[in-house]
Amino acid sequence: MGRPGLAPGIYFRSLLIGYFEGIDSERGIAWRLADSLALRQFVRIGITEQTPDHSTISRTRRLIDLETHRTVFSWVQGLLADRGLIQGKRVGVDATTLEASAAMRSIVRRDTGESYEEFLTGLVRASGMATPTREQLARLDRKRKKRTSIVLERQTIGERSIL
């Protein structure tokens with residue numbers, strides 16, 4: 001049983017709302033539809049009718065093939081361009097997946113090759129603690145200001161530089 005299916009016209013108008021209003025999630029689109037009387041009218045959902053749930057929008061998206069999506073959005077863009085509402089050139093999007101390795105534990109100082117944990121251990125030892133535990137290191141790191149930048153003290157000149 002479950003919820004009734006979503007008509008293609010309502011589905012594509014809902015996606016257009018997300019596109020034109022900068023809403024990048026199906027939950028956001030569903031919430032916006034339920035919240036706005038003007039958007040209900042645009043999508044052609046009566047005031048007494050229930051708006052589509054995000055799961056219904058998602059299920060409908062999976063049922064309609066990519067080429068149909070391209071055709072519909074190209075048609076809409078063509079209409080907008082013909083009426084002078086949009087102008088521009090072709091835009092390319094690179095959807096390459098890259099692995100981001102920005103965890104503090106993987107950072108290494110350029111000048112000494114010291115890891116972040118070694119840097120923290122040095123700070124704790126400089127404060128007077130001989131053998132710091134992991135908890136003490138974590139506590140120090142949380143309390144330290146400007147945790148994302150490491151300040152180097154050059155002893156010979158007395159200058160400060162940020163890594």
# chains A, B, ... in the order shown; residues from 1 in each chain; ligands from 1

call {"tool": "residues_around", "arguments": {"residues": "range 17-27 of chain A", "least_positions_apart": "2", "cutoff": "9 Å", "atoms": "only C-alpha atoms", "output": "ChimeraX atom specification"}}
result
/A:12-15,29-33,39,43,53-55,57-58

call {"tool": "residues_around", "arguments": {"residues": "Leu63 in chain A", "least_positions_apart": "4", "cutoff": "12 Å", "atoms": "only C-alpha atoms", "output": "mmCIF file with all heavy atoms, in the first residue's frame"}}
result
data_model
loop_
_atom_site.group_PDB
_atom_site.id
_atom_site.type_symbol
_atom_site.label_atom_id
_atom_site.label_comp_id
_atom_site.auth_asym_id
_atom_site.auth_seq_id
_atom_site.Cartn_x
_atom_site.Cartn_y
_atom_site.Cartn_z
ATOM 1 N N GLY A 5 1.790 7.117 -5.693
ATOM 2 C CA GLY A 5 2.906 7.544 -6.515
ATOM 3 C C GLY A 5 2.826 9.030 -6.828
ATOM 4 O O GLY A 5 1.821 9.696 -6.564
ATOM 5 N N LEU A 6 3.881 9.554 -7.413
ATOM 6 C CA LEU A 6 3.976 10.974 -7.725
ATOM 7 C C LEU A 6 3.903 11.146 -9.230
ATOM 8 O O LEU A 6 4.658 10.523 -9.976
ATOM 9 C CB LEU A 6 5.306 11.502 -7.186
ATOM 10 C CG LEU A 6 5.517 12.990 -7.090
ATOM 11 C CD1 LEU A 6 4.431 13.642 -6.251
ATOM 12 C CD2 LEU A 6 6.865 13.265 -6.456
ATOM 13 N N ALA A 7 2.965 11.986 -9.681
ATOM 14 C CA ALA A 7 2.819 12.248 -11.118
ATOM 15 C C ALA A 7 4.099 12.923 -11.628
ATOM 16 O O ALA A 7 4.695 13.751 -10.922
ATOM 17 C CB ALA A 7 1.617 13.140 -11.362
ATOM 18 N N PRO A 8 4.530 12.593 -12.850
ATOM 19 C CA PRO A 8 5.763 13.186 -13.379
ATOM 20 C C PRO A 8 5.750 14.717 -13.396
ATOM 21 O O PRO A 8 6.773 15.350 -13.107
ATOM 22 C CB PRO A 8 5.859 12.625 -14.800
ATOM 23 C CG PRO A 8 5.095 11.351 -14.751
ATOM 24 C CD PRO A 8 3.989 11.571 -13.760
ATOM 25 N N TYR A 11 6.440 15.911 -9.935
ATOM 26 C CA TYR A 11 7.829 15.573 -9.606
ATOM 27 C C TYR A 11 8.798 16.568 -10.228
ATOM 28 O O TYR A 11 9.656 17.134 -9.543
ATOM 29 C CB TYR A 11 8.144 14.154 -10.075
ATOM 30 C CG TYR A 11 9.618 13.832 -10.050
ATOM 31 C CD1 TYR A 11 10.280 13.641 -8.846
ATOM 32 C CD2 TYR A 11 10.349 13.749 -11.225
ATOM 33 C CE1 TYR A 11 11.642 13.361 -8.811
ATOM 34 C CE2 TYR A 11 11.700 13.471 -11.206
ATOM 35 C CZ TYR A 11 12.343 13.277 -9.999
ATOM 36 O OH TYR A 11 13.686 13.021 -9.975
ATOM 37 N N THR A 56 8.954 9.892 -1.200
ATOM 38 C CA THR A 56 8.227 9.728 -2.460
ATOM 39 C C THR A 56 8.996 10.404 -3.593
ATOM 40 O O THR A 56 9.103 9.857 -4.695
ATOM 41 C CB THR A 56 6.814 10.329 -2.340
ATOM 42 O OG1 THR A 56 6.160 9.749 -1.213
ATOM 43 C CG2 THR A 56 5.997 10.061 -3.585
ATOM 44 N N ILE A 57 9.526 11.587 -3.331
ATOM 45 C CA ILE A 57 10.336 12.280 -4.340
ATOM 46 C C ILE A 57 11.564 11.440 -4.680
ATOM 47 O O ILE A 57 11.910 11.258 -5.851
ATOM 48 C CB ILE A 57 10.740 13.683 -3.840
ATOM 49 C CG1 ILE A 57 9.503 14.562 -3.649
ATOM 50 C CG2 ILE A 57 11.716 14.345 -4.817
ATOM 51 C CD1 ILE A 57 9.784 15.894 -2.963
ATOM 52 N N SER A 58 12.205 10.886 -3.670
ATOM 53 C CA SER A 58 13.400 10.077 -3.873
ATOM 54 C C SER A 58 13.089 8.807 -4.675
ATOM 55 O O SER A 58 13.822 8.450 -5.596
ATOM 56 C CB SER A 58 13.996 9.702 -2.520
ATOM 57 O OG SER A 58 15.124 8.895 -2.690
ATOM 58 N N ARG A 59 11.993 8.140 -4.318
ATOM 59 C CA ARG A 59 11.611 6.917 -5.032
ATOM 60 C C ARG A 59 11.301 7.223 -6.496
ATOM 61 O O ARG A 59 11.717 6.494 -7.406
ATOM 62 C CB ARG A 59 10.407 6.261 -4.354
ATOM 63 C CG ARG A 59 10.080 4.899 -4.970
ATOM 64 C CD ARG A 59 8.888 4.224 -4.313
ATOM 65 N NE ARG A 59 7.673 4.943 -4.641
ATOM 66 C CZ ARG A 59 6.834 5.466 -3.751
ATOM 67 N NH1 ARG A 59 7.068 5.358 -2.469
ATOM 68 N NH2 ARG A 59 5.760 6.113 -4.143
ATOM 69 N N GLU A 67 18.276 10.012 -18.720
ATOM 70 C CA GLU A 67 18.037 10.676 -20.005
ATOM 71 C C GLU A 67 16.732 11.475 -19.986
ATOM 72 O O GLU A 67 16.653 12.560 -20.552
ATOM 73 C CB GLU A 67 18.020 9.640 -21.142
ATOM 74 C CG GLU A 67 18.011 10.254 -22.521
ATOM 75 C CD GLU A 67 19.171 11.235 -22.744
ATOM 76 O OE1 GLU A 67 20.292 10.954 -22.317
ATOM 77 O OE2 GLU A 67 18.925 12.295 -23.355
ATOM 78 N N THR A 68 15.714 10.976 -19.325
ATOM 79 C CA THR A 68 14.448 11.709 -19.201
ATOM 80 C C THR A 68 14.671 12.989 -18.396
ATOM 81 O O THR A 68 14.159 14.051 -18.753
ATOM 82 C CB THR A 68 13.368 10.835 -18.534
ATOM 83 O OG1 THR A 68 13.218 9.646 -19.299
ATOM 84 C CG2 THR A 68 12.042 11.557 -18.453
ATOM 85 N N HIS A 69 15.444 12.890 -17.309
ATOM 86 C CA HIS A 69 15.771 14.085 -16.533
ATOM 87 C C HIS A 69 16.483 15.120 -17.415
ATOM 88 O O HIS A 69 16.145 16.299 -17.394
ATOM 89 C CB HIS A 69 16.667 13.732 -15.332
ATOM 90 C CG HIS A 69 15.938 13.131 -14.188
ATOM 91 N ND1 HIS A 69 15.762 11.772 -14.056
ATOM 92 C CD2 HIS A 69 15.332 13.699 -13.113
ATOM 93 C CE1 HIS A 69 15.091 11.539 -12.944
ATOM 94 N NE2 HIS A 69 14.817 12.687 -12.355
#

call {"tool": "atom_distance", "arguments": {"atom1": "CA of Ile10 in chain A", "atom2": "CA of Ile45 in chain A"}}
result
8.0 Å

call {"tool": "atom_distance", "arguments": {"atom1": "CA of Leu140 in chain A", "atom2": "CA of Leu123 in chain A"}}
result
8.6 Å

call {"tool": "select_by_dssp", "arguments": {"residues": "range 16-80 of chain A", "states": "alpha helix (DSSP H)", "output": "ChimeraX atom specification"}}
result
/A:16-21,26-35,37-43,54-63,66-80

call {"tool": "write_last_selection", "arguments": {"atoms": "C-alpha atoms", "output": "CSV table (one decimal), in the first residue's frame"}}
result
chain,number,residue,atom,x,y,z
A,16,LEU,CA,12.6,22.9,-10.5
A,17,ILE,CA,11.7,24.5,-7.2
A,18,GLY,CA,14.8,22.9,-5.7
A,19,TYR,CA,16.9,24.1,-8.6
A,20,PHE,CA,15.6,27.7,-8.7
A,21,GLU,CA,15.6,28.2,-5.0
A,26,GLU,CA,14.7,16.2,-1.3
A,27,ARG,CA,13.8,16.8,2.3
A,28,GLY,CA,14.3,20.5,1.8
A,29,ILE,CA,12.1,20.5,-1.4
A,30,ALA,CA,9.4,18.5,0.4
A,31,TRP,CA,9.5,21.0,3.4
A,32,ARG,CA,9.4,24.0,1.1
A,33,LEU,CA,6.4,22.6,-0.9
A,34,ALA,CA,4.5,22.0,2.4
A,35,ASP,CA,5.3,25.5,3.6
A,37,LEU,CA,0.9,28.2,-0.9
A,38,ALA,CA,2.4,29.8,-4.0
A,39,LEU,CA,4.7,26.8,-4.6
A,40,ARG,CA,1.7,24.4,-4.1
A,41,GLN,CA,-0.1,26.3,-6.8
A,42,PHE,CA,2.9,26.1,-9.1
A,43,VAL,CA,3.2,22.4,-8.6
A,54,HIS,CA,10.8,13.3,0.6
A,55,SER,CA,10.8,9.6,0.3
A,56,THR,CA,8.2,9.7,-2.5
A,57,ILE,CA,10.3,12.3,-4.3
A,58,SER,CA,13.4,10.1,-3.9
A,59,ARG,CA,11.6,6.9,-5.0
A,60,THR,CA,10.3,8.7,-8.1
A,61,ARG,CA,13.8,10.0,-8.9
A,62,ARG,CA,15.1,6.5,-8.9
A,63,LEU,CA,12.3,5.3,-11.2
A,66,LEU,CA,18.7,10.0,-16.3
A,67,GLU,CA,18.0,10.7,-20.0
A,68,THR,CA,14.4,11.7,-19.2
A,69,HIS,CA,15.8,14.1,-16.5
A,70,ARG,CA,18.2,15.6,-19.1
A,71,THR,CA,15.5,16.0,-21.7
A,72,VAL,CA,13.1,17.7,-19.3
A,73,PHE,CA,15.7,20.1,-17.9
A,74,SER,CA,17.1,20.9,-21.3
A,75,TRP,CA,13.5,21.7,-22.5
A,76,VAL,CA,12.9,24.0,-19.5
A,77,GLN,CA,16.3,25.8,-20.1
A,78,GLY,CA,15.4,26.2,-23.8
A,79,LEU,CA,12.1,27.8,-22.8
A,80,LEU,CA,13.8,30.2,-20.4

call {"tool": "atom_distance", "arguments": {"atom1": "CA of Pro4 in chain A", "atom2": "CA of Pro52 in chain A"}}
result
9.1 Å
